[in-house]
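Source file: my_file_34.txt (compact mmCIF, C-alpha atoms and all ligand atoms)
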```
# COMPACT_ATOMS: atom_id res chain seq x y z
CA MET Z 1 12.76 -155.02 110.23
CA PRO Z 2 12.32 -158.81 110.63
CA GLN Z 3 11.83 -160.16 114.12
CA LYS Z 4 15.10 -161.40 115.69
CA ILE Z 5 15.60 -165.07 116.49
CA PRO Z 6 18.36 -166.49 118.67
CA PRO Z 7 21.29 -167.67 116.48
CA PRO Z 8 22.54 -171.27 116.89
CA ALA Z 9 25.41 -172.01 119.28
CA PRO Z 10 28.70 -172.70 117.43
CA ASN Z 11 29.69 -176.38 117.49
CA HIS Z 12 33.06 -177.67 118.74
CA PHE Z 13 34.74 -177.52 115.32
CA ARG Z 14 33.84 -173.96 114.39
CA GLN Z 15 36.61 -172.58 116.64
CA PHE Z 16 39.16 -173.98 114.17
CA TRP Z 17 37.94 -171.62 111.45
CA GLU Z 18 38.06 -167.83 111.22
CA PHE Z 19 34.31 -167.17 110.86
CA LYS Z 20 33.06 -163.80 111.97
CA PRO Z 21 31.17 -164.18 115.27
CA GLY Z 22 27.42 -164.05 114.81
CA THR Z 23 27.49 -165.40 111.25
CA VAL Z 24 26.20 -168.81 110.14
CA PHE Z 25 28.17 -170.12 107.18
CA LEU Z 26 26.08 -172.44 105.02
CA ASN Z 27 28.02 -171.86 101.81
CA HIS Z 28 31.18 -173.90 102.03
CA GLY Z 29 30.45 -174.94 98.46
CA SER Z 30 31.26 -171.63 96.76
CA PHE Z 31 34.80 -170.85 97.89
CA GLY Z 32 35.41 -173.24 100.79
CA ALA Z 33 36.79 -171.86 104.05
CA CYS Z 34 40.35 -172.39 105.20
CA PRO Z 35 41.05 -173.48 108.81
CA LYS Z 36 43.26 -171.30 111.02
CA VAL Z 37 46.14 -173.79 111.21
CA ILE Z 38 46.37 -174.00 107.43
CA LEU Z 39 46.38 -170.22 107.14
CA GLU Z 40 49.14 -170.10 109.74
CA ARG Z 41 51.12 -172.59 107.68
CA GLN Z 42 50.58 -170.39 104.62
CA THR Z 43 51.75 -167.30 106.50
CA LYS Z 44 54.91 -169.14 107.54
CA LEU Z 45 55.56 -170.22 103.95
CA ARG Z 46 55.04 -166.66 102.77
CA GLN Z 47 57.57 -165.43 105.30
CA GLU Z 48 60.06 -167.98 104.01
CA MET Z 49 59.31 -166.90 100.44
CA GLU Z 50 59.92 -163.25 101.23
CA ALA Z 51 63.06 -164.05 103.23
CA GLU Z 52 64.65 -165.69 100.17
CA PRO Z 53 62.49 -164.95 97.12
CA VAL Z 54 64.77 -166.47 94.49
CA GLN Z 55 65.72 -169.49 96.53
CA PHE Z 56 62.03 -170.17 97.27
CA LEU Z 57 60.47 -169.43 93.88
CA TRP Z 58 63.21 -170.53 91.56
CA ARG Z 59 66.34 -172.41 92.72
CA ARG Z 60 64.65 -174.70 95.23
CA TYR Z 61 61.05 -174.41 94.05
CA GLU Z 62 60.73 -178.04 92.99
CA GLU Z 63 61.96 -179.29 96.36
CA ARG Z 64 58.79 -177.87 97.91
CA LEU Z 65 56.44 -178.43 94.99
CA GLU Z 66 57.15 -182.11 94.40
CA PRO Z 67 56.21 -183.40 97.88
CA ALA Z 68 52.98 -181.39 97.64
CA ARG Z 69 52.19 -182.93 94.26
CA ARG Z 70 52.97 -186.42 95.60
CA ALA Z 71 50.69 -186.00 98.63
CA LEU Z 72 47.92 -184.76 96.34
CA ALA Z 73 48.42 -187.62 93.85
CA GLU Z 74 48.12 -190.16 96.65
CA PHE Z 75 44.92 -188.49 97.91
CA ILE Z 76 43.26 -188.61 94.48
CA GLY Z 77 44.56 -192.04 93.49
CA ALA Z 78 46.72 -190.85 90.60
CA ASP Z 79 50.31 -191.13 89.44
CA ALA Z 80 52.12 -187.88 90.32
CA ARG Z 81 53.49 -187.73 86.75
CA ASP Z 82 49.95 -187.13 85.49
CA VAL Z 83 49.08 -184.34 87.94
CA VAL Z 84 49.78 -180.62 87.97
CA PHE Z 85 48.56 -177.83 90.23
CA VAL Z 86 46.47 -175.04 88.75
CA THR Z 87 44.88 -172.09 90.53
CA ASN Z 88 41.25 -173.18 90.10
CA ALA Z 89 39.01 -175.54 88.18
CA THR Z 90 38.22 -172.79 85.67
CA ALA Z 91 41.92 -172.68 84.73
CA GLY Z 92 41.94 -176.47 84.36
CA VAL Z 93 38.93 -176.43 82.04
CA ASN Z 94 40.44 -173.59 79.98
CA ALA Z 95 43.71 -175.48 79.53
CA VAL Z 96 42.02 -178.65 78.30
CA VAL Z 97 39.30 -177.20 76.09
CA ARG Z 98 41.40 -174.49 74.49
CA SER Z 99 44.11 -177.03 73.66
CA LEU Z 100 41.76 -179.19 71.58
CA LYS Z 101 42.42 -179.21 67.83
CA LEU Z 102 38.87 -178.86 66.59
CA GLN Z 103 37.46 -178.76 63.08
CA PRO Z 104 34.28 -177.00 61.98
CA GLY Z 105 31.38 -179.36 62.68
CA ASP Z 106 33.09 -181.15 65.59
CA GLU Z 107 30.89 -181.29 68.68
CA LEU Z 108 31.54 -180.36 72.31
CA LEU Z 109 28.96 -181.92 74.58
CA THR Z 110 27.89 -180.62 77.98
CA THR Z 111 24.77 -180.81 80.12
CA SER Z 112 22.09 -178.35 81.17
CA LEU Z 113 23.35 -178.75 84.77
CA ASP Z 114 26.90 -177.54 84.00
CA TYR Z 115 28.66 -174.53 85.54
CA ASN Z 116 28.26 -171.23 83.69
CA ALA Z 117 31.96 -170.24 83.72
CA CYS Z 118 33.00 -173.59 82.27
CA ARG Z 119 30.17 -173.56 79.71
CA ASN Z 120 31.55 -170.20 78.57
CA VAL Z 121 34.90 -171.87 77.76
CA LEU Z 122 33.06 -174.30 75.48
CA VAL Z 123 31.00 -171.51 73.90
CA GLU Z 124 34.07 -169.43 73.08
CA THR Z 125 36.08 -172.40 71.82
CA ALA Z 126 33.18 -173.43 69.59
CA ARG Z 127 32.93 -169.86 68.29
CA VAL Z 128 36.58 -169.60 67.25
CA THR Z 129 36.89 -173.11 65.79
CA GLY Z 130 33.49 -173.52 64.14
CA ALA Z 131 32.74 -176.46 66.41
CA GLN Z 132 29.21 -177.03 67.65
CA LEU Z 133 28.15 -176.85 71.29
CA VAL Z 134 25.63 -179.56 72.13
CA VAL Z 135 23.74 -179.42 75.43
CA ALA Z 136 22.15 -182.55 76.89
CA GLU Z 137 19.02 -181.48 78.75
CA ILE Z 138 18.94 -183.22 82.12
CA PRO Z 139 15.66 -183.09 84.00
CA PHE Z 140 15.72 -181.56 87.46
CA PRO Z 141 14.19 -182.63 89.85
CA LEU Z 142 15.39 -186.10 88.93
CA GLU Z 143 14.57 -189.55 90.20
CA SER Z 144 17.74 -191.46 89.42
CA ALA Z 145 21.26 -191.02 88.14
CA ASP Z 146 20.24 -192.97 85.02
CA GLU Z 147 18.45 -189.86 83.79
CA ILE Z 148 21.82 -188.09 83.64
CA LYS Z 149 23.54 -190.96 81.89
CA THR Z 150 20.75 -191.43 79.35
CA GLY Z 151 20.52 -187.69 78.68
CA ILE Z 152 24.23 -187.52 77.85
CA LEU Z 153 24.51 -190.71 75.84
CA GLN Z 154 21.53 -189.73 73.67
CA LYS Z 155 23.45 -186.68 72.49
CA VAL Z 156 26.72 -188.42 71.60
CA SER Z 157 27.34 -188.52 67.85
CA SER Z 158 30.20 -189.45 65.52
CA ARG Z 159 31.29 -185.77 65.71
CA THR Z 160 31.53 -185.62 69.53
CA ARG Z 161 35.12 -184.72 70.44
CA LEU Z 162 34.75 -184.06 74.15
CA VAL Z 163 32.15 -184.39 76.87
CA MET Z 164 32.43 -182.03 79.82
CA LEU Z 165 30.90 -183.69 82.82
CA ASP Z 166 30.52 -182.27 86.34
CA HIS Z 167 31.32 -184.78 89.07
CA VAL Z 168 29.04 -182.85 91.43
CA THR Z 169 26.82 -180.28 89.75
CA SER Z 170 26.90 -176.77 91.11
CA ASN Z 171 23.46 -175.16 91.58
CA SER Z 172 21.54 -178.44 91.47
CA ALA Z 173 24.13 -180.16 93.72
CA VAL Z 174 23.78 -183.68 92.29
CA ILE Z 175 26.46 -186.41 92.26
CA VAL Z 176 26.95 -187.60 88.68
CA PRO Z 177 27.85 -191.29 88.13
CA VAL Z 178 31.07 -190.40 86.34
CA LEU Z 179 32.60 -193.87 86.40
CA GLU Z 180 29.75 -195.41 84.40
CA ILE Z 181 29.52 -192.50 82.00
CA VAL Z 182 33.26 -192.24 81.35
CA ARG Z 183 33.34 -195.98 80.52
CA GLU Z 184 30.34 -195.68 78.17
CA LEU Z 185 31.91 -192.71 76.40
CA GLU Z 186 35.25 -194.47 76.16
CA ALA Z 187 33.52 -197.39 74.47
CA ARG Z 188 32.24 -194.89 71.88
CA GLY Z 189 35.73 -193.39 71.45
CA VAL Z 190 34.83 -190.11 73.17
CA ASP Z 191 37.08 -188.30 75.69
CA THR Z 192 35.68 -186.94 78.94
CA LEU Z 193 36.76 -183.87 80.84
CA VAL Z 194 35.45 -184.30 84.37
CA ASP Z 195 34.86 -180.99 86.12
CA GLY Z 196 35.29 -182.21 89.68
CA ALA Z 197 35.29 -178.73 91.25
CA HIS Z 198 33.43 -179.98 94.36
CA ALA Z 199 34.57 -183.58 94.47
CA PRO Z 200 37.89 -183.84 96.37
CA GLY Z 201 37.09 -184.02 100.07
CA MET Z 202 33.38 -184.57 99.38
CA LEU Z 203 33.67 -187.88 97.51
CA PRO Z 204 36.39 -190.54 97.52
CA LEU Z 205 38.52 -190.19 94.40
CA ASN Z 206 40.45 -192.85 92.53
CA LEU Z 207 41.69 -191.58 89.20
CA HIS Z 208 43.58 -194.82 88.53
CA GLU Z 209 40.19 -196.49 88.39
CA LEU Z 210 38.28 -193.67 86.66
CA ARG Z 211 41.02 -193.05 84.00
CA PRO Z 212 39.24 -190.14 82.27
CA ALA Z 213 41.15 -188.26 79.59
CA TYR Z 214 41.05 -185.16 81.83
CA TYR Z 215 40.00 -184.35 85.40
CA THR Z 216 40.23 -180.97 87.07
CA ALA Z 217 39.12 -180.01 90.58
CA ASN Z 218 39.43 -177.51 93.37
CA LEU Z 219 41.24 -178.13 96.63
CA HIS Z 220 40.11 -174.84 98.19
CA LYS Z 221 36.55 -176.13 98.49
CA TRP Z 222 36.21 -179.46 100.36
CA VAL Z 223 39.91 -180.06 101.09
CA CYS Z 224 39.95 -176.61 102.77
CA ALA Z 225 43.29 -175.60 101.26
CA PRO Z 226 43.93 -171.86 100.85
CA LYS Z 227 42.27 -170.24 97.85
CA GLY Z 228 44.10 -170.81 94.60
CA ALA Z 229 44.72 -174.54 95.12
CA ALA Z 230 43.36 -176.83 92.41
CA PHE Z 231 44.68 -179.55 90.13
CA LEU Z 232 44.54 -180.88 86.61
CA TYR Z 233 45.03 -184.56 85.82
CA VAL Z 234 45.65 -185.49 82.21
CA ARG Z 235 45.95 -189.12 81.16
CA GLU Z 236 49.40 -189.82 79.77
CA ASP Z 237 48.25 -190.36 76.18
CA ARG Z 238 46.62 -186.90 76.09
CA GLN Z 239 49.34 -184.86 77.80
CA ALA Z 240 51.40 -183.86 74.75
CA ALA Z 241 48.61 -181.69 73.32
CA VAL Z 242 47.61 -179.85 76.51
CA GLN Z 243 48.91 -176.34 77.06
CA PRO Z 244 48.26 -174.37 80.24
CA ALA Z 245 45.89 -171.39 80.09
CA VAL Z 246 49.04 -169.27 80.66
CA ILE Z 247 52.14 -170.29 78.69
CA SER Z 248 55.48 -169.56 80.34
CA HIS Z 249 59.06 -170.96 80.39
CA GLY Z 250 58.15 -174.65 80.46
CA ASN Z 251 57.56 -175.01 76.73
CA ASN Z 252 61.27 -174.92 75.96
CA ARG Z 253 62.93 -175.43 79.35
CA THR Z 254 62.86 -178.98 80.58
CA ARG Z 255 63.87 -180.19 84.03
CA PRO Z 256 65.37 -183.61 84.67
CA GLY Z 257 62.88 -185.91 86.41
CA PHE Z 258 59.79 -184.00 85.29
CA THR Z 259 57.41 -184.71 82.42
CA PRO Z 260 57.01 -182.08 79.68
CA PHE Z 261 53.40 -181.74 80.91
CA GLN Z 262 54.70 -180.81 84.36
CA ASP Z 263 57.33 -178.48 82.88
CA ARG Z 264 54.61 -176.52 81.10
CA PHE Z 265 52.26 -176.24 84.08
CA ASP Z 266 54.51 -175.90 87.13
CA TRP Z 267 55.35 -172.29 86.41
CA ALA Z 268 52.79 -169.80 85.06
CA GLY Z 269 54.79 -166.62 85.63
CA THR Z 270 55.57 -165.03 88.99
CA PHE Z 271 52.92 -165.94 91.52
CA ASP Z 272 52.38 -167.08 95.08
CA PRO Z 273 52.53 -170.90 95.18
CA THR Z 274 51.93 -171.15 98.94
CA ALA Z 275 48.30 -172.31 98.52
CA TRP Z 276 49.60 -175.32 96.56
CA LEU Z 277 52.30 -175.97 99.15
CA CYS Z 278 49.70 -176.08 101.94
CA VAL Z 279 47.78 -178.91 100.28
CA PRO Z 280 49.58 -181.78 102.11
CA GLU Z 281 48.88 -180.14 105.47
CA ALA Z 282 45.22 -179.54 104.57
CA ILE Z 283 44.85 -183.21 103.57
CA ARG Z 284 46.58 -184.33 106.76
CA TRP Z 285 44.84 -181.93 109.15
CA LEU Z 286 41.28 -182.49 107.93
CA GLY Z 287 41.93 -186.21 107.72
CA ALA Z 288 42.97 -186.23 111.39
CA LEU Z 289 40.01 -184.22 112.70
CA LEU Z 290 37.76 -187.25 113.32
CA PRO Z 291 38.85 -190.72 114.49
CA GLY Z 292 37.62 -192.30 111.23
CA GLY Z 293 39.63 -189.86 109.10
CA TRP Z 294 38.44 -188.67 105.69
CA SER Z 295 35.79 -191.33 105.26
CA GLU Z 296 34.15 -190.37 108.57
CA LEU Z 297 34.33 -186.69 107.65
CA ARG Z 298 32.72 -187.28 104.24
CA GLN Z 299 30.02 -189.49 105.76
CA ARG Z 300 29.29 -187.03 108.56
CA ASN Z 301 28.98 -184.14 106.12
CA HIS Z 302 26.73 -186.19 103.85
CA GLU Z 303 24.47 -187.21 106.73
CA LEU Z 304 24.21 -183.60 107.88
CA ALA Z 305 23.34 -182.47 104.33
CA VAL Z 306 20.59 -185.10 104.16
CA ARG Z 307 19.22 -184.03 107.55
CA ALA Z 308 19.46 -180.33 106.66
CA ARG Z 309 17.62 -180.89 103.38
CA LYS Z 310 14.85 -182.75 105.24
CA ILE Z 311 14.48 -179.94 107.80
CA LEU Z 312 14.21 -177.33 105.07
CA CYS Z 313 11.94 -179.30 102.74
CA GLU Z 314 9.51 -179.90 105.59
CA GLN Z 315 9.52 -176.25 106.61
CA PHE Z 316 9.18 -175.01 103.02
CA GLU Z 317 6.57 -177.65 102.15
CA VAL Z 318 8.52 -178.81 99.08
CA GLU Z 319 9.79 -182.20 97.88
CA PRO Z 320 13.51 -183.07 97.81
CA PRO Z 321 14.54 -182.81 94.13
CA CYS Z 322 16.62 -186.02 94.02
CA PRO Z 323 17.21 -189.15 96.14
CA ASN Z 324 19.47 -188.89 99.20
CA GLU Z 325 22.17 -191.03 97.59
CA LEU Z 326 22.62 -188.44 94.84
CA ILE Z 327 23.75 -185.75 97.26
CA GLY Z 328 27.14 -185.38 98.86
CA SER Z 329 27.63 -182.47 101.24
CA ILE Z 330 25.74 -179.83 99.25
CA ALA Z 331 22.03 -179.92 98.48
CA ALA Z 332 19.53 -177.83 96.53
CA VAL Z 333 16.20 -177.00 98.15
CA GLN Z 334 13.37 -175.31 96.33
CA LEU Z 335 12.32 -172.06 97.99
CA PRO Z 336 8.77 -171.89 99.34
CA GLN Z 337 6.01 -171.12 96.86
CA ARG Z 338 5.66 -167.49 97.94
CA PHE Z 339 9.26 -166.80 96.73
CA GLN Z 340 8.67 -168.24 93.26
CA GLY Z 341 8.12 -165.96 90.31
CA ARG Z 342 9.65 -162.87 91.93
CA ALA Z 343 11.76 -161.00 89.39
CA SER Z 344 15.54 -161.02 89.65
CA ALA Z 345 17.02 -157.78 90.99
CA GLY Z 346 20.48 -158.40 89.48
CA LYS Z 347 23.55 -160.29 90.64
CA ILE Z 348 22.28 -161.09 94.15
CA ASP Z 349 18.67 -161.70 95.11
CA GLU Z 350 17.27 -159.30 97.70
CA GLU Z 351 16.28 -162.05 100.11
CA GLN Z 352 19.86 -163.33 100.11
CA LEU Z 353 21.15 -159.88 101.09
CA GLU Z 354 18.53 -159.66 103.81
CA LEU Z 355 19.43 -163.08 105.19
CA TYR Z 356 23.02 -161.97 105.65
CA ASP Z 357 22.37 -158.45 106.83
CA GLN Z 358 19.58 -159.31 109.29
CA PHE Z 359 20.45 -162.85 110.37
CA GLY Z 360 24.15 -163.32 109.48
CA ILE Z 361 23.29 -166.33 107.31
CA GLU Z 362 25.42 -166.98 104.25
CA VAL Z 363 23.57 -169.17 101.76
CA PRO Z 364 23.37 -168.89 97.95
CA PHE Z 365 20.10 -168.44 96.06
CA ASN Z 366 19.82 -169.67 92.46
CA ARG Z 367 17.37 -169.65 89.59
CA PHE Z 368 17.35 -172.54 87.14
CA GLY Z 369 15.26 -175.22 85.49
CA ASP Z 370 12.54 -175.17 82.89
CA PRO Z 371 10.20 -173.74 84.01
CA GLU Z 372 12.60 -171.65 86.06
CA ARG Z 373 12.32 -172.14 89.80
CA ARG Z 374 14.10 -170.46 92.67
CA TRP Z 375 16.38 -172.57 94.87
CA LEU Z 376 18.81 -172.22 97.70
CA ARG Z 377 21.83 -174.47 98.11
CA ILE Z 378 23.01 -175.55 101.51
CA SER Z 379 26.46 -176.87 102.37
CA ALA Z 380 27.34 -179.14 105.29
CA GLN Z 381 30.90 -178.98 106.62
CA VAL Z 382 32.14 -180.23 109.99
CA TYR Z 383 31.69 -176.79 111.60
CA ASN Z 384 27.92 -176.90 110.84
CA SER Z 385 25.15 -178.42 112.97
CA ALA Z 386 21.48 -179.22 112.39
CA ALA Z 387 20.62 -176.11 114.44
CA ASP Z 388 22.16 -173.94 111.66
CA TYR Z 389 19.53 -175.13 109.18
CA GLU Z 390 16.70 -174.78 111.68
CA TYR Z 391 17.83 -171.19 112.13
CA LEU Z 392 17.86 -170.74 108.34
CA ALA Z 393 14.32 -172.14 108.08
CA ALA Z 394 13.13 -169.79 110.84
CA ALA Z 395 14.83 -166.80 109.19
CA ILE Z 396 13.32 -167.58 105.78
CA LYS Z 397 9.88 -167.59 107.41
CA ARG Z 398 10.48 -164.05 108.61
CA LEU Z 399 11.57 -162.62 105.24
C1 LIG H 401 30.93 -177.45 88.89
C2 LIG H 401 31.86 -176.30 89.04
N1 LIG H 401 32.82 -176.11 88.13
C3 LIG H 401 33.71 -175.11 88.22
C4 LIG H 401 33.65 -174.23 89.26
C5 LIG H 401 34.63 -173.10 89.26
O1 LIG H 401 35.44 -173.07 90.36
P1 LIG H 401 36.57 -171.95 90.41
O2 LIG H 401 35.85 -170.64 90.43
O3 LIG H 401 37.31 -172.22 91.68
O4 LIG H 401 37.38 -172.12 89.19
C6 LIG H 401 32.67 -174.36 90.24
C7 LIG H 401 32.59 -173.42 91.35
O5 LIG H 401 31.76 -173.47 92.22
C8 LIG H 401 31.75 -175.42 90.13
O6 LIG H 401 30.77 -175.60 91.00
```
Any chance you could give the structure as structure tokens?
Amino acid sequence: MPQKIPPPAPNHFRQFWEFKPGTVFLNHGSFGACPKVILERQTKLRQEMEAEPVQFLWRRYEERLEPARRALAEFIGADARDVVFVTNATAGVNAVVRSLKLQPGDELLTTSLDYNACRNVLVETARVTGAQLVVAEIPFPLESADEIKTGILQKVSSRTRLVMLDHVTSNSAVIVPVLEIVRELEARGVDTLVDGAHAPGMLPLNLHELRPAYYTANLHKWVCAPKGAAFLYVREDRQAAVQPAVISHGNNRTRPGFTPFQDRFDWAGTFDPTAWLCVPEAIRWLGALLPGGWSELRQRNHELAVRARKILCEQFEVEPPCPNELIGSIAAVQLPQRFQGRASAGKIDEEQLELYDQFGIEVPFNRFGDPERRWLRISAQVYNSAADYEYLAAAIKRL
């Protein structure tokens, strides 16, 4: 039984979330965490839905959906006509990739830092169409964002039909310079699907400026909306070909004032749309938490992630794997040498279980790289403090 250490005191903001007392949540990155007021809003919406199911879900559905879409479009710098809600980034990637009309020999390009679930969509699409999956190997640790750009551009060929590009990579937690890369690919006539799963709320977004062919992202992570809130943006000239992962009424039932793209995506069969409808309140509430609004929140989270990474790297006697400016509010830290090389026990590493069971610390452990190394990934949200990471460092020492 590891020796107990006093847990950190909760900061002022933690009271606004539901966290179980005694736990230290350092994994906002995986599924986010929804504040109490937003959950209360969702409960109220659900009560309204159950009070008048048909009115809510069918007759007057668009009257609730459209303001939510407009608030989201403003937040991400897009035209509402180009934006639809989806339930998660995985659904957005599925819709785009599985709608492509590919020929045998066409190439789908991704990177070695991509997200497994989304890579699987490319693998399966390549399998059924005869297309080729091409993986750009990106070094990690890396010294500059140019290594990402160069790695991708080297693999572009005349057969490249789509590049899938993370805006913020998952396990390695690096910000990718998507604006530069999208422009370079555009100049070569290649479309980009940006997987921005972590980006909204972590990084400022302006899709008018970025203008990728496709962009999908989660709102349940760094916008703290309820789970099941995400979006897909498709540039107008690519919309006609994109079908949702789930086809429903919209393919032959149009609604005045909506684009055919919106008709297809706005309804995916009976479901609970309240997570989507909470998005405006999540944007408003989080944006009002600090005097400097969203930009102060993003900056504060980034500064805490930088500080947290420094604390842990010093304690673990490891180097940070990328420059500070390449991290947002998540960061990968290599585990101390004595953890390296231990065999995987299955889905969850034993030390990760022990950290939660003995110390109440929630933090993900990963294995990646060539040669494979073991990493943990910290998140920094407003309810976290530097003391949380000092506690993590102390707990890791006792494992
Ligand atoms: C880069 C990236 N893409 C996609 C996803 C998938 O998100 P979801 O499970 O919400 O679809 C994640 C989740 O962490 C991610 O990090």
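Considering all atoms listed in the file, the residue among Z:Val97, Z:Glu180, Z:Ser170, Z:Arg298 positioned nearest to Ile152 of chain Z is Z:Glu180.
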| said: Please find the residues contacting ligand LIG 401 (chain H) at a distance of at most 10 Å between atoms, with only C-alpha atoms and all ligand atoms counted, and report them as a count of residues only. | reply: 46
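Excluding Glu74 of chain Z itself and same-chain residues fewer than 2 positions from it, the residues having an atom within 12 Å of it are Pro67, Ala68, Arg69, Arg70, Ala71, Leu72, Ile76, Gly77, Ala78, Asp79, Ala80, Arg81, Asp82, Val83, Pro204, Leu205, Asn206, Leu207, His208, Val279, Pro280, Ile283 and Arg284 of chain Z, counting all atoms listed in the file.
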If we count all atoms listed in the file, what is near Ala95 of chain Z at a cut-off of 7 Å, once residues fewer than 4 positions away on the same chain are taken out, given as an mmCIF file with C-alpha atoms, in the frame of the given file?
```cif
data_model
loop_
_atom_site.group_PDB
_atom_site.id
_atom_site.type_symbol
_atom_site.label_atom_id
_atom_site.label_comp_id
_atom_site.auth_asym_id
_atom_site.auth_seq_id
_atom_site.Cartn_x
_atom_site.Cartn_y
_atom_site.Cartn_z
ATOM 1 C CA ALA Z 91 41.920 -172.680 84.730
ATOM 2 C CA SER Z 99 44.110 -177.030 73.660
ATOM 3 C CA VAL Z 242 47.610 -179.850 76.510
ATOM 4 C CA GLN Z 243 48.910 -176.340 77.060
ATOM 5 C CA PRO Z 244 48.260 -174.370 80.240
ATOM 6 C CA ALA Z 245 45.890 -171.390 80.090
#
```
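Shortest separation to Arg98 of chain Z among Z:Leu26, Z:Ala343, Z:Ala33, Z:Val123 occurs at residue Z:Val123, atoms counted being only C-alpha atoms.
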| Just how far from atom CA of Val24 of chain Z is atom CA of Gly360 of chain Z, in Å to one decimal? | 5.9 Å
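Between Pro371 of chain Z and the candidates Z:Pro323, Z:Pro7, Z:Pro200, Z:Pro139, the tightest atom-to-atom separation, counting all atoms listed in the file, involves Z:Pro139.
Closest approach to Thr150 of chain Z among Z:Arg188, Z:Ala386, Z:Pro226, Z:Ile181: Z:Ile181, based on all atoms listed in the file.
From atom CA of Cys224 of chain Z back to atom CA of Val37 of chain Z, the distance works out to 10.8 Å.
Between atom CA of Gly293 of chain Z and atom CA of Leu203 of chain Z the interatomic distance comes to 13.2 Å.
Each of Z:Thr110, Z:Thr270, Z:Gln15, Z:Asn120 was compared to Tyr61 of chain Z using all atoms listed in the file, and Z:Thr270 turns out to be the nearest.
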